[in-house]
Amino acid sequence: MPAEEPPLAFSWSGHTDRGRVRKNNEDSFLGLAVDAEGVRFLGKIGDAVGGRADFVFAVSDGMGGAMAGEFASRITVEKITKLLPPLFQQNASGIAAGYTGVVEELFGEIHKALLYLGDCYEECAGMGATLSLCWFSGRKMHFGHIGDSRIYSLPAAGGIRQLTHDDTHVGWLFRNGQLSEREAKSHPRRNVLQSALGAGHQFVNPQVGAVECGPGDRFLLCTDGITDGLFEEQIPEILREGGYSAAHLVGEALSRSGRDNATALVVELADPPPTEVPSASAQK
């Protein structure tokens, strides 16, 4: 039998800012360690070694009148915390249809909750949220996504790749080569979503997938306030300059735009620290 690969070490950094124009922050982000016993909240900045627990990171951008957008993104991340443990336990027991099924069910339940609140309270009518979620288990990163927040992969070999697609017509035009990145950024309908959680949509069909990951790989989850201020090719260099600090990336995005709330979560993977071998005098 091949030797089992050692668990990966994780470090993460998260930051959010309301920007230079908005009066409130409609973005939310979340980090969790998940195991059979439940969930544990992760701080904005931290590190840990995987193996016994999976790690889940998510960003969400809310929408709606008055304070409804802020409420929608907060509800979205709170629902992840409540819904994920039982789904995780079912998946571990072989009851659920793997990670894809768990992620799809999670998105569906959050969607129903936002629709229910929107129907029950006039001030919440039409509220909705984007959601981009990464679930690290072993040496795989499973992801789910809806809206125009993004997940980027920055592999150890270099470069950057957007794993998710923007649920906008402008995003479709860009992916099909009909708009340049600069033209997409200035398009008047760049923020018009075709799909989101809640927001009056009858059904949701989140993008789900998985990628292999290993030491030296990094992942960025961000809301559109980051990509409004930065071009994709600028992101790796800015992250390196700032020591892969989410706060540094947010600050750079706001200095170049700042029209929207901006949130970033940076996750770095590494080899686990070496296990200390007891000295001969300590061995019995």
# chains A, B, ... in the order shown; residues from 1 in each chain; ligands from 1

$ residues_around --residues "region 106-112 of chain A" --least-positions-apart "4" --cutoff "9 Å" --atoms "only C-alpha atoms" --output "JSON, numbers by chain"
{"A": [75, 76, 79, 80, 83, 84, 87, 101, 102, 116, 117, 128, 129, 131, 144, 145, 146, 196, 197, 198, 199, 201, 203, 204, 205, 206]}

$ write_last_selection --atoms "N, CA and C atoms" --output "PDB file, in the first residue's frame"
ATOM      1  N   ILE A  75     -26.621  36.429   7.087  1.00  0.00           N
ATOM      2  CA  ILE A  75     -27.429  35.212   7.183  1.00  0.00           C
ATOM      3  C   ILE A  75     -26.768  34.072   6.416  1.00  0.00           C
ATOM      4  N   THR A  76     -26.200  34.384   5.261  1.00  0.00           N
ATOM      5  CA  THR A  76     -25.566  33.361   4.426  1.00  0.00           C
ATOM      6  C   THR A  76     -24.434  32.668   5.169  1.00  0.00           C
ATOM      7  N   LYS A  79     -25.736  30.609   8.166  1.00  0.00           N
ATOM      8  CA  LYS A  79     -26.371  29.358   7.754  1.00  0.00           C
ATOM      9  C   LYS A  79     -25.330  28.283   7.446  1.00  0.00           C
ATOM     10  N   ILE A  80     -24.181  28.687   6.900  1.00  0.00           N
ATOM     11  CA  ILE A  80     -23.112  27.721   6.661  1.00  0.00           C
ATOM     12  C   ILE A  80     -22.708  27.072   7.975  1.00  0.00           C
ATOM     13  N   LEU A  83     -25.680  24.688   9.090  1.00  0.00           N
ATOM     14  CA  LEU A  83     -26.057  23.591   8.192  1.00  0.00           C
ATOM     15  C   LEU A  83     -24.920  22.622   7.917  1.00  0.00           C
ATOM     16  N   LEU A  84     -23.682  23.101   7.972  1.00  0.00           N
ATOM     17  CA  LEU A  84     -22.562  22.268   7.545  1.00  0.00           C
ATOM     18  C   LEU A  84     -22.287  21.067   8.454  1.00  0.00           C
ATOM     19  N   LEU A  87     -24.504  18.031   7.635  1.00  0.00           N
ATOM     20  CA  LEU A  87     -24.187  17.581   6.278  1.00  0.00           C
ATOM     21  C   LEU A  87     -22.816  16.916   6.240  1.00  0.00           C
ATOM     22  N   GLY A 101     -22.657  16.823  -3.631  1.00  0.00           N
ATOM     23  CA  GLY A 101     -24.018  16.808  -3.117  1.00  0.00           C
ATOM     24  C   GLY A 101     -24.179  17.662  -1.876  1.00  0.00           C
ATOM     25  N   VAL A 102     -23.195  17.632  -0.990  1.00  0.00           N
ATOM     26  CA  VAL A 102     -23.249  18.430   0.236  1.00  0.00           C
ATOM     27  C   VAL A 102     -23.243  19.918  -0.101  1.00  0.00           C
ATOM     28  N   TYR A 116     -37.440  32.915   1.948  1.00  0.00           N
ATOM     29  CA  TYR A 116     -38.455  32.925   3.009  1.00  0.00           C
ATOM     30  C   TYR A 116     -38.452  34.266   3.742  1.00  0.00           C
ATOM     31  N   LEU A 117     -37.261  34.739   4.108  1.00  0.00           N
ATOM     32  CA  LEU A 117     -37.169  36.011   4.812  1.00  0.00           C
ATOM     33  C   LEU A 117     -37.623  37.160   3.920  1.00  0.00           C
ATOM     34  N   GLY A 128     -30.700  39.330  -1.523  1.00  0.00           N
ATOM     35  CA  GLY A 128     -29.988  38.151  -1.994  1.00  0.00           C
ATOM     36  C   GLY A 128     -28.515  38.257  -1.668  1.00  0.00           C
ATOM     37  N   ALA A 129     -27.748  37.275  -2.099  1.00  0.00           N
ATOM     38  CA  ALA A 129     -26.329  37.260  -1.775  1.00  0.00           C
ATOM     39  C   ALA A 129     -25.562  36.389  -2.761  1.00  0.00           C
ATOM     40  N   LEU A 131     -22.167  33.859  -3.059  1.00  0.00           N
ATOM     41  CA  LEU A 131     -21.437  32.983  -2.137  1.00  0.00           C
ATOM     42  C   LEU A 131     -20.353  32.237  -2.907  1.00  0.00           C
ATOM     43  N   GLY A 144     -17.807  25.698  -4.155  1.00  0.00           N
ATOM     44  CA  GLY A 144     -19.137  26.016  -4.644  1.00  0.00           C
ATOM     45  C   GLY A 144     -19.215  27.522  -4.844  1.00  0.00           C
ATOM     46  N   HIS A 145     -20.015  27.950  -5.817  1.00  0.00           N
ATOM     47  CA  HIS A 145     -20.011  29.376  -6.153  1.00  0.00           C
ATOM     48  C   HIS A 145     -21.307  29.772  -6.841  1.00  0.00           C
ATOM     49  N   ILE A 146     -21.753  30.998  -6.520  1.00  0.00           N
ATOM     50  CA  ILE A 146     -22.843  31.623  -7.264  1.00  0.00           C
ATOM     51  C   ILE A 146     -22.687  33.130  -7.124  1.00  0.00           C
ATOM     52  N   ALA A 196     -28.130  34.311  -8.160  1.00  0.00           N
ATOM     53  CA  ALA A 196     -27.667  34.601  -6.805  1.00  0.00           C
ATOM     54  C   ALA A 196     -28.529  33.814  -5.842  1.00  0.00           C
ATOM     55  N   LEU A 197     -28.111  33.740  -4.598  1.00  0.00           N
ATOM     56  CA  LEU A 197     -28.945  33.148  -3.562  1.00  0.00           C
ATOM     57  C   LEU A 197     -30.041  34.140  -3.195  1.00  0.00           C
ATOM     58  N   GLY A 198     -31.285  33.667  -3.091  1.00  0.00           N
ATOM     59  CA  GLY A 198     -32.385  34.577  -2.824  1.00  0.00           C
ATOM     60  C   GLY A 198     -32.654  35.459  -4.018  1.00  0.00           C
ATOM     61  N   ALA A 199     -32.877  36.771  -3.744  1.00  0.00           N
ATOM     62  CA  ALA A 199     -33.052  37.788  -4.800  1.00  0.00           C
ATOM     63  C   ALA A 199     -34.192  37.464  -5.762  1.00  0.00           C
ATOM     64  N   HIS A 201     -34.951  34.702  -7.193  1.00  0.00           N
ATOM     65  CA  HIS A 201     -34.732  33.619  -8.158  1.00  0.00           C
ATOM     66  C   HIS A 201     -35.462  32.357  -7.693  1.00  0.00           C
ATOM     67  N   PHE A 203     -34.960  29.173  -8.766  1.00  0.00           N
ATOM     68  CA  PHE A 203     -34.041  28.052  -8.599  1.00  0.00           C
ATOM     69  C   PHE A 203     -32.605  28.572  -8.596  1.00  0.00           C
ATOM     70  N   VAL A 204     -31.716  27.796  -8.006  1.00  0.00           N
ATOM     71  CA  VAL A 204     -30.288  28.109  -8.086  1.00  0.00           C
ATOM     72  C   VAL A 204     -29.542  26.878  -8.576  1.00  0.00           C
ATOM     73  N   ASN A 205     -28.511  27.125  -9.352  1.00  0.00           N
ATOM     74  CA  ASN A 205     -27.682  26.048  -9.874  1.00  0.00           C
ATOM     75  C   ASN A 205     -26.222  26.447  -9.664  1.00  0.00           C
ATOM     76  N   PRO A 206     -25.701  26.240  -8.452  1.00  0.00           N
ATOM     77  CA  PRO A 206     -24.346  26.711  -8.172  1.00  0.00           C
ATOM     78  C   PRO A 206     -23.303  25.986  -9.000  1.00  0.00           C
TER      79      PRO A 206
END

$ select_by_dssp --residues "region 51-179 of chain A" --states "alpha helix (DSSP H)" --output "MDAnalysis selection string"
chainID A and resid 68:92 98:120 169:175

$ closest_residue --among "A:Ser153, A:Ser60, A:Thr100, A:Gln89" --to "Glu232 (chain A)" --atoms "only C-alpha atoms"
A:Ser153

$ residues_around --residues "Leu30 (chain A)" --least-positions-apart "2" --cutoff "10 Å" --atoms "only C-alpha atoms" --output "ChimeraX atom specification"
/A:14,28,32,41-44,56-60,74,76-78,80-81,133,265

$ residues_around --residues "Leu173 (chain A)" --least-positions-apart "5" --cutoff "12 Å" --atoms "only C-alpha atoms" --output "list in words"
His165, Asp166, Asp167, Thr168, Gln178, Leu179, Ser180, Glu181, Glu183, Ala184, Lys185, His187, Arg189 and Arg190 of chain A

$ write_last_selection --atoms "N, CA and C atoms" --output "short mmCIF file (atom, residue, chain, number, x, y, z; two decimals), in the first residue's frame"
data_model
loop_
_atom_site.label_atom_id
_atom_site.label_comp_id
_atom_site.auth_asym_id
_atom_site.auth_seq_id
_atom_site.Cartn_x
_atom_site.Cartn_y
_atom_site.Cartn_z
N HIS A 165 -16.83 31.27 -12.40
CA HIS A 165 -17.24 32.21 -13.43
C HIS A 165 -18.26 33.19 -12.86
N ASP A 166 -18.22 34.42 -13.34
CA ASP A 166 -19.16 35.44 -12.87
C ASP A 166 -20.54 35.17 -13.47
N ASP A 167 -21.55 35.17 -12.63
CA ASP A 167 -22.92 34.96 -13.10
C ASP A 167 -23.53 36.27 -13.59
N THR A 168 -22.90 36.85 -14.61
CA THR A 168 -23.37 38.08 -15.25
C THR A 168 -23.26 37.92 -16.75
N GLN A 178 -15.56 38.43 -26.21
CA GLN A 178 -16.24 39.55 -26.84
C GLN A 178 -15.97 40.87 -26.14
N LEU A 179 -15.37 40.80 -24.94
CA LEU A 179 -14.97 42.00 -24.20
C LEU A 179 -13.59 41.75 -23.62
N SER A 180 -12.76 42.79 -23.56
CA SER A 180 -11.50 42.71 -22.84
C SER A 180 -11.77 42.89 -21.35
N GLU A 181 -10.78 42.57 -20.53
CA GLU A 181 -10.96 42.76 -19.08
C GLU A 181 -11.23 44.23 -18.77
N GLU A 183 -12.65 46.47 -20.74
CA GLU A 183 -14.02 46.80 -21.19
C GLU A 183 -15.05 46.23 -20.24
N ALA A 184 -14.80 45.01 -19.73
CA ALA A 184 -15.75 44.40 -18.78
C ALA A 184 -15.83 45.21 -17.50
N LYS A 185 -14.70 45.77 -17.03
CA LYS A 185 -14.69 46.54 -15.80
C LYS A 185 -15.52 47.83 -15.90
N HIS A 187 -18.10 48.28 -18.12
CA HIS A 187 -19.41 48.05 -18.74
C HIS A 187 -20.52 48.47 -17.76
N ARG A 189 -23.42 47.36 -17.23
CA ARG A 189 -24.20 46.27 -16.65
C ARG A 189 -23.31 45.20 -16.01
N ARG A 190 -22.11 45.58 -15.63
CA ARG A 190 -21.15 44.61 -15.07
C ARG A 190 -21.61 44.02 -13.75
#

$ residues_around --residues "Gly126 (chain A)" --least-positions-apart "2" --cutoff "10 Å" --atoms "only C-alpha atoms" --output "list of chain:residue names"
A:Met63, A:Gly64, A:Gly65, A:Ala68, A:Gly69, A:Leu114, A:Leu115, A:Leu117, A:Gly118, A:Asp119, A:Glu122, A:Glu123, A:Cys124, A:Gly128, A:Gly198, A:Ala199, A:Gly200, A:His201

$ write_last_selection --atoms "N, CA and C atoms" --output "tab-separated table (two decimals), in the first residue's frame"
chain	number	residue	atom	x	y	z
A	63	MET	N	-27.05	41.90	-1.20
A	63	MET	CA	-27.71	42.92	-2.02
A	63	MET	C	-29.13	43.11	-1.52
A	64	GLY	N	-29.65	44.31	-1.74
A	64	GLY	CA	-31.00	44.63	-1.29
A	64	GLY	C	-31.06	46.05	-0.76
A	65	GLY	N	-32.25	46.57	-0.62
A	65	GLY	CA	-32.42	47.94	-0.15
A	65	GLY	C	-32.08	48.10	1.32
A	68	ALA	N	-30.78	45.48	3.96
A	68	ALA	CA	-31.09	44.10	3.60
A	68	ALA	C	-29.87	43.37	3.04
A	69	GLY	N	-29.02	44.05	2.29
A	69	GLY	CA	-27.83	43.41	1.72
A	69	GLY	C	-26.88	42.95	2.80
A	114	LEU	N	-33.20	32.63	2.43
A	114	LEU	CA	-33.25	34.02	2.01
A	114	LEU	C	-34.58	34.35	1.32
A	115	LEU	N	-35.09	33.42	0.52
A	115	LEU	CA	-36.39	33.64	-0.11
A	115	LEU	C	-37.50	33.75	0.94
A	117	LEU	N	-37.26	34.74	4.11
A	117	LEU	CA	-37.17	36.01	4.81
A	117	LEU	C	-37.62	37.16	3.92
A	118	GLY	N	-37.29	37.08	2.63
A	118	GLY	CA	-37.71	38.11	1.71
A	118	GLY	C	-39.22	38.17	1.53
A	119	ASP	N	-39.87	37.01	1.63
A	119	ASP	CA	-41.33	36.96	1.52
A	119	ASP	C	-42.03	37.40	2.80
A	122	GLU	N	-41.20	42.94	4.65
A	122	GLU	CA	-41.18	43.91	3.55
A	122	GLU	C	-39.80	44.52	3.34
A	123	GLU	N	-39.11	44.80	4.45
A	123	GLU	CA	-37.80	45.43	4.34
A	123	GLU	C	-36.74	44.49	3.78
A	124	CYS	N	-37.06	43.18	3.71
A	124	CYS	CA	-36.12	42.20	3.16
A	124	CYS	C	-36.50	41.74	1.76
A	128	GLY	N	-30.70	39.33	-1.52
A	128	GLY	CA	-29.99	38.15	-1.99
A	128	GLY	C	-28.52	38.26	-1.67
A	198	GLY	N	-31.28	33.67	-3.09
A	198	GLY	CA	-32.39	34.58	-2.82
A	198	GLY	C	-32.65	35.46	-4.02
A	199	ALA	N	-32.88	36.77	-3.74
A	199	ALA	CA	-33.05	37.79	-4.80
A	199	ALA	C	-34.19	37.46	-5.76
A	200	GLY	N	-35.17	36.70	-5.29
A	200	GLY	CA	-36.33	36.40	-6.11
A	200	GLY	C	-36.14	35.31	-7.15
A	201	HIS	N	-34.95	34.70	-7.19
A	201	HIS	CA	-34.73	33.62	-8.16
A	201	HIS	C	-35.46	32.36	-7.69

$ residues_around --residues "Ala253 (chain A)" --least-positions-apart "4" --cutoff "7 Å" --atoms "only C-alpha atoms" --output "PyMOL selection string"
chain A and resi 226+229-230+249+257-258

$ write_last_selection --atoms "C-alpha atoms" --output "PDB file, in the first residue's frame"
ATOM      1  CA  ILE A 226     -11.342  43.667  -5.080  1.00  0.00           C
ATOM      2  CA  GLY A 229      -9.945  48.015  -8.388  1.00  0.00           C
ATOM      3  CA  LEU A 230      -7.414  45.467  -9.618  1.00  0.00           C
ATOM      4  CA  LEU A 249      -4.718  43.401  -0.954  1.00  0.00           C
ATOM      5  CA  SER A 257     -11.151  52.283  -6.828  1.00  0.00           C
ATOM      6  CA  GLY A 258     -13.050  52.065  -3.535  1.00  0.00           C
TER       7      GLY A 258
END

$ closest_residue --among "A:Thr164, A:Thr263, A:Gln207, A:Ser255" --to "Asp224 (chain A)" --atoms "only C-alpha atoms"
A:Thr263

$ atom_distance --atom1 "CA of Phe10 (chain A)" --atom2 "CA of Glu252 (chain A)"
24.2 Å

$ residues_around --residues "Gly214 (chain A)" --least-positions-apart "2" --cutoff "10 Å" --atoms "only C-alpha atoms" --output "list in words"
Pro7, Leu8, Ala9, Gly138, Arg139, Lys140, Met141, Pro155, Ala156, Glu212, Gly216, Asp217, Arg218, Glu268, Leu269, Ala270 and Asp271 of chain A

$ closest_residue --among "A:Gly98, A:Gly147, A:Gly31, A:Gly46" --to "Val192 (chain A)" --atoms "only C-alpha atoms"
A:Gly147

$ select_by_dssp --residues "region 74-238 of chain A" --states "strand (DSSP E)" --output "PyMOL selection string"
chain A and resi 128-129+131-137+140-146+150-154+161-162+197-198+207-212+218-222

$ atom_distance --atom1 "CA of His15 (chain A)" --atom2 "CA of Trp135 (chain A)"
19.0 Å

$ atom_distance --atom1 "CA of Ala48 (chain A)" --atom2 "CA of Pro273 (chain A)"
10.2 Å

$ closest_residue --among "A:Gln234, A:Ser132, A:Ser245, A:Ser137" --to "Val266 (chain A)" --atoms "only C-alpha atoms"
A:Ser245

$ closest_residue --among "A:Leu154, A:Ala53, A:Ala262, A:Val267" --to "Ile235 (chain A)" --atoms "only C-alpha atoms"
A:Leu154

$ closest_residue --among "A:Lys23, A:His248, A:Gln90, A:Glu233" --to "Ile160 (chain A)" --atoms "only C-alpha atoms"
A:Glu233
